[in-house]
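K.L.:
My file is query28.cif. It has mmCIF, C-alpha atoms:
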data_target
loop_
_atom_site.label_atom_id
_atom_site.label_comp_id
_atom_site.auth_asym_id
_atom_site.auth_seq_id
_atom_site.Cartn_x
_atom_site.Cartn_y
_atom_site.Cartn_z
CA MET A 1 46.93 47.33 30.54
CA GLY A 2 45.39 46.76 33.97
CA ILE A 3 46.71 43.95 36.16
CA PRO A 4 44.27 41.31 37.48
CA VAL A 5 45.33 39.59 40.73
CA MET A 6 43.55 36.66 42.39
CA VAL A 7 43.36 36.43 46.20
CA LEU A 8 42.18 32.93 46.99
CA GLY A 9 40.98 31.53 50.31
CA ARG A 10 38.30 29.81 52.30
CA SER A 11 35.64 31.77 54.16
CA GLY A 12 37.22 33.34 57.26
CA SER A 13 40.77 33.04 55.96
CA GLY A 14 41.29 36.82 55.82
CA LYS A 15 40.58 37.81 52.23
CA SER A 16 38.36 40.82 52.96
CA ALA A 17 40.27 41.65 56.16
CA SER A 18 43.42 42.10 54.07
CA LEU A 19 41.99 45.47 52.90
CA ARG A 20 42.11 46.90 56.44
CA ASN A 21 45.09 49.23 55.90
CA PHE A 22 43.80 50.97 52.79
CA LYS A 23 42.43 54.47 53.33
CA VAL A 24 39.10 55.45 51.83
CA ASP A 25 40.54 57.18 48.75
CA GLU A 26 43.12 54.48 48.04
CA ILE A 27 40.85 51.62 47.04
CA SER A 28 37.45 51.01 45.44
CA VAL A 29 35.48 47.92 46.47
CA ILE A 30 32.93 46.22 44.21
CA ASN A 31 31.01 43.86 46.49
CA VAL A 32 29.30 41.06 44.57
CA ALA A 33 27.33 39.48 47.43
CA ASN A 34 26.26 42.65 49.30
CA LYS A 35 28.42 41.75 52.31
CA PRO A 36 29.80 44.40 54.75
CA LEU A 37 33.55 44.64 55.26
CA PRO A 38 34.79 42.87 58.44
CA PHE A 39 36.54 45.89 60.00
CA ARG A 40 35.84 49.51 60.91
CA THR A 41 36.27 51.69 57.82
CA ASN A 42 34.85 54.62 55.88
CA ILE A 43 35.21 52.67 52.63
CA LYS A 44 31.78 52.36 50.97
CA PRO A 45 31.57 49.23 48.79
CA PHE A 46 29.47 49.30 45.63
CA ASN A 47 26.84 46.55 45.99
CA LEU A 48 26.95 44.93 42.56
CA ASN A 49 24.27 42.25 42.80
CA ARG A 50 21.73 44.58 44.41
CA GLU A 51 22.29 47.32 41.84
CA ALA A 52 22.25 44.91 38.88
CA THR A 53 18.95 43.42 40.08
CA LYS A 54 17.43 46.85 40.69
CA ARG A 55 18.50 48.15 37.28
CA GLY A 56 17.71 44.92 35.40
CA VAL A 57 21.16 44.72 33.80
CA SER A 58 23.87 42.09 33.54
CA ARG A 59 26.16 41.86 36.56
CA TYR A 60 29.15 41.58 34.24
CA ALA A 61 28.16 44.64 32.22
CA LEU A 62 27.65 46.61 35.42
CA ALA A 63 31.00 45.36 36.81
CA GLN A 64 32.74 46.62 33.68
CA GLN A 65 31.06 50.01 34.02
CA MET A 66 32.15 50.26 37.65
CA LEU A 67 35.73 49.27 36.84
CA LEU A 68 35.90 52.15 34.37
CA ARG A 69 34.34 54.61 36.82
CA CYS A 70 36.43 53.75 39.88
CA SER A 71 38.79 56.62 40.66
CA ALA A 72 41.12 54.60 42.90
CA LYS A 73 44.10 52.94 41.28
CA SER A 74 43.50 49.76 43.29
CA ILE A 75 40.13 48.01 42.95
CA VAL A 76 38.73 44.93 44.69
CA ILE A 77 35.99 42.62 43.42
CA ASP A 78 34.96 40.96 46.66
CA ASP A 79 33.49 37.44 46.51
CA SER A 80 34.08 37.22 42.75
CA GLN A 81 33.08 33.52 42.69
CA TYR A 82 29.48 34.62 43.22
CA LEU A 83 29.48 36.12 39.73
CA MET A 84 29.56 32.55 38.43
CA ALA A 85 27.18 31.27 41.11
CA PHE A 86 24.55 33.94 40.45
CA ASP A 87 24.96 33.42 36.70
CA SER A 88 24.29 29.72 37.26
CA PHE A 89 21.22 30.41 39.42
CA ASP A 90 19.79 32.67 36.72
CA ARG A 91 20.11 29.81 34.23
CA ALA A 92 19.11 26.95 36.52
CA LYS A 93 16.33 25.83 34.17
CA ASP A 94 18.49 25.86 31.05
CA VAL A 95 19.30 22.39 29.75
CA GLY A 96 22.47 21.24 28.03
CA TYR A 97 26.15 21.94 28.57
CA GLY A 98 26.19 25.21 26.65
CA LYS A 99 25.34 27.26 29.72
CA PHE A 100 28.59 26.17 31.41
CA THR A 101 30.57 27.43 28.43
CA ASP A 102 28.67 30.71 28.61
CA ILE A 103 29.28 31.10 32.36
CA ALA A 104 33.00 30.39 31.92
CA LEU A 105 33.16 32.83 29.01
CA ASN A 106 31.47 35.61 30.97
CA PHE A 107 33.99 35.32 33.82
CA GLU A 108 36.93 35.08 31.43
CA LYS A 109 35.79 38.18 29.55
CA LEU A 110 35.66 40.19 32.79
CA ILE A 111 39.29 39.34 33.54
CA GLU A 112 40.18 40.09 29.92
CA PHE A 113 38.40 43.43 30.27
CA VAL A 114 40.73 44.37 33.15
CA SER A 115 43.80 43.57 31.07
CA ASN A 116 42.62 45.20 27.85
CA ASN A 117 40.54 48.20 28.89
CA LEU A 118 41.87 49.63 32.15
CA PRO A 119 44.80 52.07 32.43
CA ASP A 120 48.30 50.78 33.09
CA ASP A 121 48.27 51.98 36.71
CA LYS A 122 45.16 50.00 37.74
CA ILE A 123 45.32 46.75 39.74
CA VAL A 124 42.13 44.74 40.22
CA TYR A 125 42.04 42.15 43.02
CA PHE A 126 39.58 39.30 42.62
CA LEU A 127 38.83 38.00 46.15
CA HIS A 128 37.67 34.46 45.49
CA HIS A 129 36.66 31.41 47.54
CA CYS A 130 38.53 28.14 47.06
CA GLU A 131 37.74 24.44 47.23
CA SER A 132 39.61 21.12 47.15
CA ASN A 133 39.49 18.84 44.13
CA ASP A 134 39.51 15.02 44.09
CA MET A 135 43.31 15.04 44.44
CA GLY A 136 43.19 17.20 47.56
CA GLU A 137 44.59 20.19 45.65
CA ILE A 138 43.23 23.64 46.52
CA LYS A 139 41.78 25.52 43.57
CA ALA A 140 39.48 28.44 42.78
CA LYS A 141 35.84 27.66 43.52
CA THR A 142 33.57 27.46 40.47
CA ILE A 143 30.18 25.82 39.95
CA GLY A 144 31.43 22.29 39.33
CA LYS A 145 33.32 20.01 36.97
CA MET A 146 31.34 21.02 33.89
CA LEU A 147 32.69 24.56 34.16
CA ASP A 148 36.14 23.36 35.22
CA ASN A 149 36.34 21.53 31.90
CA GLN A 150 35.88 24.88 30.18
CA LEU A 151 38.03 27.15 32.34
CA THR A 152 41.03 26.98 34.67
CA VAL A 153 40.45 30.21 36.57
CA GLU A 154 43.95 30.61 38.00
CA GLY A 155 45.43 30.27 34.52
CA LEU A 156 44.07 33.73 33.71
CA PHE A 157 46.22 35.38 36.42
CA SER A 158 49.98 35.89 36.76
CA ILE A 159 49.59 36.51 40.51
CA VAL A 160 47.53 34.23 42.77
CA LEU A 161 47.83 34.67 46.53
CA TYR A 162 46.45 32.00 48.85
CA CYS A 163 45.06 33.05 52.25
CA THR A 164 45.70 30.83 55.23
CA THR A 165 45.22 31.08 59.00
CA ASP A 166 46.15 29.07 62.07
CA GLY A 167 43.43 30.76 64.11
CA LYS A 168 45.87 33.32 65.52
CA SER A 169 47.34 35.02 62.47
CA HIS A 170 46.44 35.35 58.80
CA ARG A 171 48.97 34.97 56.02
CA PHE A 172 49.33 35.07 52.24
CA ILE A 173 51.10 32.20 50.48
CA THR A 174 52.93 33.55 47.41
CA GLN A 175 54.12 30.30 45.76
CA SER A 176 52.58 26.87 45.46
CA ASP A 177 53.70 24.05 47.74
CA GLY A 178 52.20 21.53 45.32
CA LYS A 179 48.78 21.65 46.97
CA THR A 180 47.71 25.25 46.40
CA SER A 181 47.54 27.18 43.13
CA ALA A 182 49.43 30.18 44.57
CA LYS A 183 51.95 31.79 42.24
CA SER A 184 53.77 35.08 41.69
CA PRO A 185 56.53 36.36 39.36
CA MET A 186 60.13 35.59 40.24
CA GLU A 187 61.56 37.87 42.97
CA MET A 188 58.33 39.83 43.45
CA PHE A 189 58.15 38.61 47.06
CA THR A 190 61.19 37.68 49.16
CA THR A 191 59.46 34.83 50.99
CA ASN A 192 56.78 32.24 50.26
CA GLU A 193 54.67 33.45 53.20
CA ILE A 194 53.83 37.08 54.02
CA ASP A 195 51.39 39.05 56.18
CA ASN A 196 47.88 39.29 54.71
CA ASP A 197 48.17 43.04 54.18
CA LEU A 198 46.89 43.78 50.69
CA LYS A 199 48.16 47.35 50.80
CA GLU A 200 51.72 46.08 51.25
CA VAL A 201 51.13 43.58 48.46
CA ASP A 202 49.91 46.45 46.28
CA LYS A 203 53.16 48.33 46.94
CA GLU A 204 55.26 45.28 46.04
CA ILE A 205 53.38 44.74 42.77
CA ARG A 206 53.68 48.41 41.83
CA ASN A 207 57.39 48.47 42.64
CA TYR A 208 57.96 45.30 40.64
CA TYR A 209 56.26 46.68 37.53
CA ASN A 210 57.63 50.23 37.96
CA MET A 211 54.19 51.68 38.69
CA GLU A 212 53.42 54.65 40.92
CA VAL A 213 53.04 53.53 44.54
CA ILE A 214 50.37 54.95 46.89
CA ASN A 215 52.01 57.74 48.89
CA ASP A 216 51.11 57.48 52.59
CA GLU A 217 52.44 61.00 53.22
CA LYS A 218 49.40 62.41 51.41
CA ASN A 219 47.02 60.93 54.00
#
I'd like the structure from this file rewritten - as structure tokens, please.
P.N.:
Amino acid sequence: MGIPVMVLGRSGSGKSASLRNFKVDEISVINVANKPLPFRTNIKPFNLNREATKRGVSRYALAQQMLLRCSAKSIVIDDSQYLMAFDSFDRAKDVGYGKFTDIALNFEKLIEFVSNNLPDDKIVYFLHHCESNDMGEIKAKTIGKMLDNQLTVEGLFSIVLYCTTDGKSHRFITQSDGKTSAKSPMEMFTTNEIDNDLKEVDKEIRNYYNMEVINDEKN
């Protein structure tokens, strides 16, 4: 059973930058929106939207294929909210509410695929934009209230980290303060706020679930 993890944050809050300490053979990156990583690295992201368009196949089907092919034990789906956005654009002329159910189902099935089809030592990080609802609460960005009525995205994850910055440093919030949807299992993290270093997070998750941890001595 693979472990899906959501990393939630606004643009510029440090989601992609949190990958900076992974070495090239330690992580695979599936880039939905064909966006370069914001730091110097030899990591080569797989450009999902470009390849799906070129091959004329479903983005979700291609994402599942890539998840199975990735050799790294840690995998990132960068800008995962665009899977829903692009799905919505493709069906812009469809009428009725059924398309929102379909879009929600497609995203849910991808997360379910991680849990049901990947090996036990795989962790898949969904880097996802956020937005504020009418109550001022911060939630995962979707394509509007019609889809929100069908799916609570964070409910599909046991671990949701919220990225925040004060302009000088970038941090992960590990538990909700009542405004964010951050959450993590009891005693996984010692504090409610940690450095936005996804490699360190990966180690903590693997230690917590008695999984093999990436060995820096090999690099």
K.L.:
Write out as a list in words each polymer residue whose atoms come within 9 Å of Leu118 in chain A, counting only C-alpha atoms; drop sequence neighbours fewer than 5 positions from it.
P.N.:
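Within the cut-off, the hits are Met1, Gly2, Ile3, Leu67, Leu68, Phe113 and Ile123 of chain A.
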K.L.:
From the set A:Val5, A:Met211, A:Ala104, A:Ala17, which residue has the shortest atom-to-atom contact distance to Arg171 in chain A, counting all atoms listed in the file?
P.N.:
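With all atoms listed in the file as the atom set, the closest residue is A:Ala17.
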K.L.:
May I have the residues within 10 Å of Val160 in chain A as a VMD selection string, using all atoms listed in the file and disregarding those fewer than 5 positions away in the same chain?
P.N.:
chain A and resid 4 to 8 125 to 126 140 154 to 155 172 to 176 180 to 185
K.L.:
Find the distance between CA of Leu156 in chain A and CA of Ile111 in chain A and write it in Å to one decimal.
P.N.:
7.4 Å
K.L.:
Can you tell me which residues surround Phe189 in chain A at a distance of at most 9 Å, considering all atoms listed in the file, apart from same-chain residues fewer than 2 positions away, and format the answer as a list in words?
P.N.:
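Using all atoms listed in the file, the neighbours found are Thr174, Ser184, Pro185, Met186, Glu187, Thr191, Asn192, Glu193, Ile194, Val201, Glu204 and Ile205 of chain A.
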K.L.:
Take the residues from that selection and write them out as a CSV table (one decimal), in the coordinates of the input, keeping C-alpha atoms.
P.N.:
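result_36.csv was written with the following content:
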chain,number,residue,atom,x,y,z
A,174,THR,CA,52.9,33.6,47.4
A,184,SER,CA,53.8,35.1,41.7
A,185,PRO,CA,56.5,36.4,39.4
A,186,MET,CA,60.1,35.6,40.2
A,187,GLU,CA,61.6,37.9,43.0
A,191,THR,CA,59.5,34.8,51.0
A,192,ASN,CA,56.8,32.2,50.3
A,193,GLU,CA,54.7,33.4,53.2
A,194,ILE,CA,53.8,37.1,54.0
A,201,VAL,CA,51.1,43.6,48.5
A,204,GLU,CA,55.3,45.3,46.0
A,205,ILE,CA,53.4,44.7,42.8
K.L.:
What would the list of residues within 10 Å of (53.2, 48.0, 44.5) (file frame) look like as a PyMOL selection string, if all atoms listed in the file are what count?
P.N.:
chain A and resi 74+123+188+198-214
K.L.:
Could you list the residues chosen by the PyMOL selection byres ((chain A and resi 105) around 12) in this structure as a list in words?
P.N.:
Tyr60, Leu83, Met84, Asp87, Gly98, Lys99, Phe100, Thr101, Asp102, Ile103, Ala104, Asn106, Phe107, Glu108, Lys109, Leu110, Ile111, Glu112, Phe113, Leu147, Asp148, Gln150, Leu151, Thr152, Val153 and Leu156 of chain A
K.L.:
Is there a way to complete range 78-98 of chain A with N, CA, C and O atoms and then write that out as an mmCIF file, in the coordinates of the input?
P.N.:
data_model
loop_
_atom_site.group_PDB
_atom_site.id
_atom_site.type_symbol
_atom_site.label_atom_id
_atom_site.label_comp_id
_atom_site.auth_asym_id
_atom_site.auth_seq_id
_atom_site.Cartn_x
_atom_site.Cartn_y
_atom_site.Cartn_z
ATOM 1 N N ASP A 78 35.062 41.840 45.495
ATOM 2 C CA ASP A 78 34.960 40.960 46.660
ATOM 3 C C ASP A 78 33.943 39.857 46.409
ATOM 4 O O ASP A 78 32.838 40.116 45.935
ATOM 5 N N ASP A 79 34.326 38.618 46.739
ATOM 6 C CA ASP A 79 33.490 37.440 46.510
ATOM 7 C C ASP A 79 33.207 37.235 45.029
ATOM 8 O O ASP A 79 32.065 37.011 44.602
ATOM 9 N N SER A 80 34.253 37.296 44.211
ATOM 10 C CA SER A 80 34.080 37.220 42.750
ATOM 11 C C SER A 80 33.509 35.884 42.291
ATOM 12 O O SER A 80 32.913 35.803 41.215
ATOM 13 N N GLN A 81 33.637 34.815 43.108
ATOM 14 C CA GLN A 81 33.080 33.520 42.690
ATOM 15 C C GLN A 81 31.555 33.575 42.575
ATOM 16 O O GLN A 81 30.950 32.790 41.845
ATOM 17 N N TYR A 82 30.930 34.532 43.294
ATOM 18 C CA TYR A 82 29.480 34.620 43.220
ATOM 19 C C TYR A 82 28.990 35.145 41.871
ATOM 20 O O TYR A 82 27.809 34.991 41.538
ATOM 21 N N LEU A 83 29.876 35.756 41.090
ATOM 22 C CA LEU A 83 29.480 36.120 39.730
ATOM 23 C C LEU A 83 29.094 34.865 38.956
ATOM 24 O O LEU A 83 28.085 34.846 38.241
ATOM 25 N N MET A 84 29.884 33.811 39.098
ATOM 26 C CA MET A 84 29.560 32.550 38.430
ATOM 27 C C MET A 84 28.351 31.882 39.073
ATOM 28 O O MET A 84 27.481 31.333 38.376
ATOM 29 N N ALA A 85 28.287 31.915 40.406
ATOM 30 C CA ALA A 85 27.180 31.270 41.110
ATOM 31 C C ALA A 85 25.846 31.913 40.752
ATOM 32 O O ALA A 85 24.867 31.222 40.438
ATOM 33 N N PHE A 86 25.793 33.246 40.781
ATOM 34 C CA PHE A 86 24.550 33.940 40.450
ATOM 35 C C PHE A 86 24.178 33.737 38.987
ATOM 36 O O PHE A 86 22.994 33.628 38.639
ATOM 37 N N ASP A 87 25.191 33.703 38.125
ATOM 38 C CA ASP A 87 24.960 33.420 36.700
ATOM 39 C C ASP A 87 24.329 32.040 36.537
ATOM 40 O O ASP A 87 23.394 31.840 35.754
ATOM 41 N N SER A 88 24.827 31.082 37.305
ATOM 42 C CA SER A 88 24.290 29.720 37.260
ATOM 43 C C SER A 88 22.860 29.664 37.779
ATOM 44 O O SER A 88 21.995 28.988 37.201
ATOM 45 N N PHE A 89 22.589 30.389 38.874
ATOM 46 C CA PHE A 89 21.220 30.410 39.420
ATOM 47 C C PHE A 89 20.236 30.993 38.406
ATOM 48 O O PHE A 89 19.123 30.498 38.253
ATOM 49 N N ASP A 90 20.665 32.039 37.713
ATOM 50 C CA ASP A 90 19.790 32.670 36.720
ATOM 51 C C ASP A 90 19.432 31.708 35.593
ATOM 52 O O ASP A 90 18.374 31.841 34.970
ATOM 53 N N ARG A 91 20.327 30.732 35.344
ATOM 54 C CA ARG A 91 20.110 29.810 34.230
ATOM 55 C C ARG A 91 19.838 28.386 34.706
ATOM 56 O O ARG A 91 20.093 27.421 33.988
ATOM 57 N N ALA A 92 19.319 28.270 35.911
ATOM 58 C CA ALA A 92 19.110 26.950 36.520
ATOM 59 C C ALA A 92 18.208 26.050 35.680
ATOM 60 O O ALA A 92 18.358 24.822 35.691
ATOM 61 N N LYS A 93 17.272 26.631 34.948
ATOM 62 C CA LYS A 93 16.330 25.830 34.170
ATOM 63 C C LYS A 93 16.813 25.554 32.745
ATOM 64 O O LYS A 93 16.156 24.809 32.012
ATOM 65 N N ASP A 94 17.947 26.128 32.380
ATOM 66 C CA ASP A 94 18.490 25.860 31.050
ATOM 67 C C ASP A 94 19.039 24.436 30.988
ATOM 68 O O ASP A 94 19.699 23.974 31.931
ATOM 69 N N VAL A 95 18.787 23.751 29.914
ATOM 70 C CA VAL A 95 19.300 22.390 29.750
ATOM 71 C C VAL A 95 20.506 22.407 28.816
ATOM 72 O O VAL A 95 20.715 23.360 28.067
ATOM 73 N N GLY A 96 21.297 21.341 28.897
ATOM 74 C CA GLY A 96 22.470 21.240 28.030
ATOM 75 C C GLY A 96 23.715 21.818 28.667
ATOM 76 O O GLY A 96 23.667 22.506 29.695
ATOM 77 N N TYR A 97 24.858 21.527 28.036
ATOM 78 C CA TYR A 97 26.150 21.940 28.570
ATOM 79 C C TYR A 97 26.551 23.340 28.136
ATOM 80 O O TYR A 97 27.516 23.912 28.649
ATOM 81 N N GLY A 98 25.809 23.910 27.187
ATOM 82 C CA GLY A 98 26.190 25.210 26.650
ATOM 83 C C GLY A 98 26.228 26.303 27.694
ATOM 84 O O GLY A 98 27.045 27.230 27.607
#
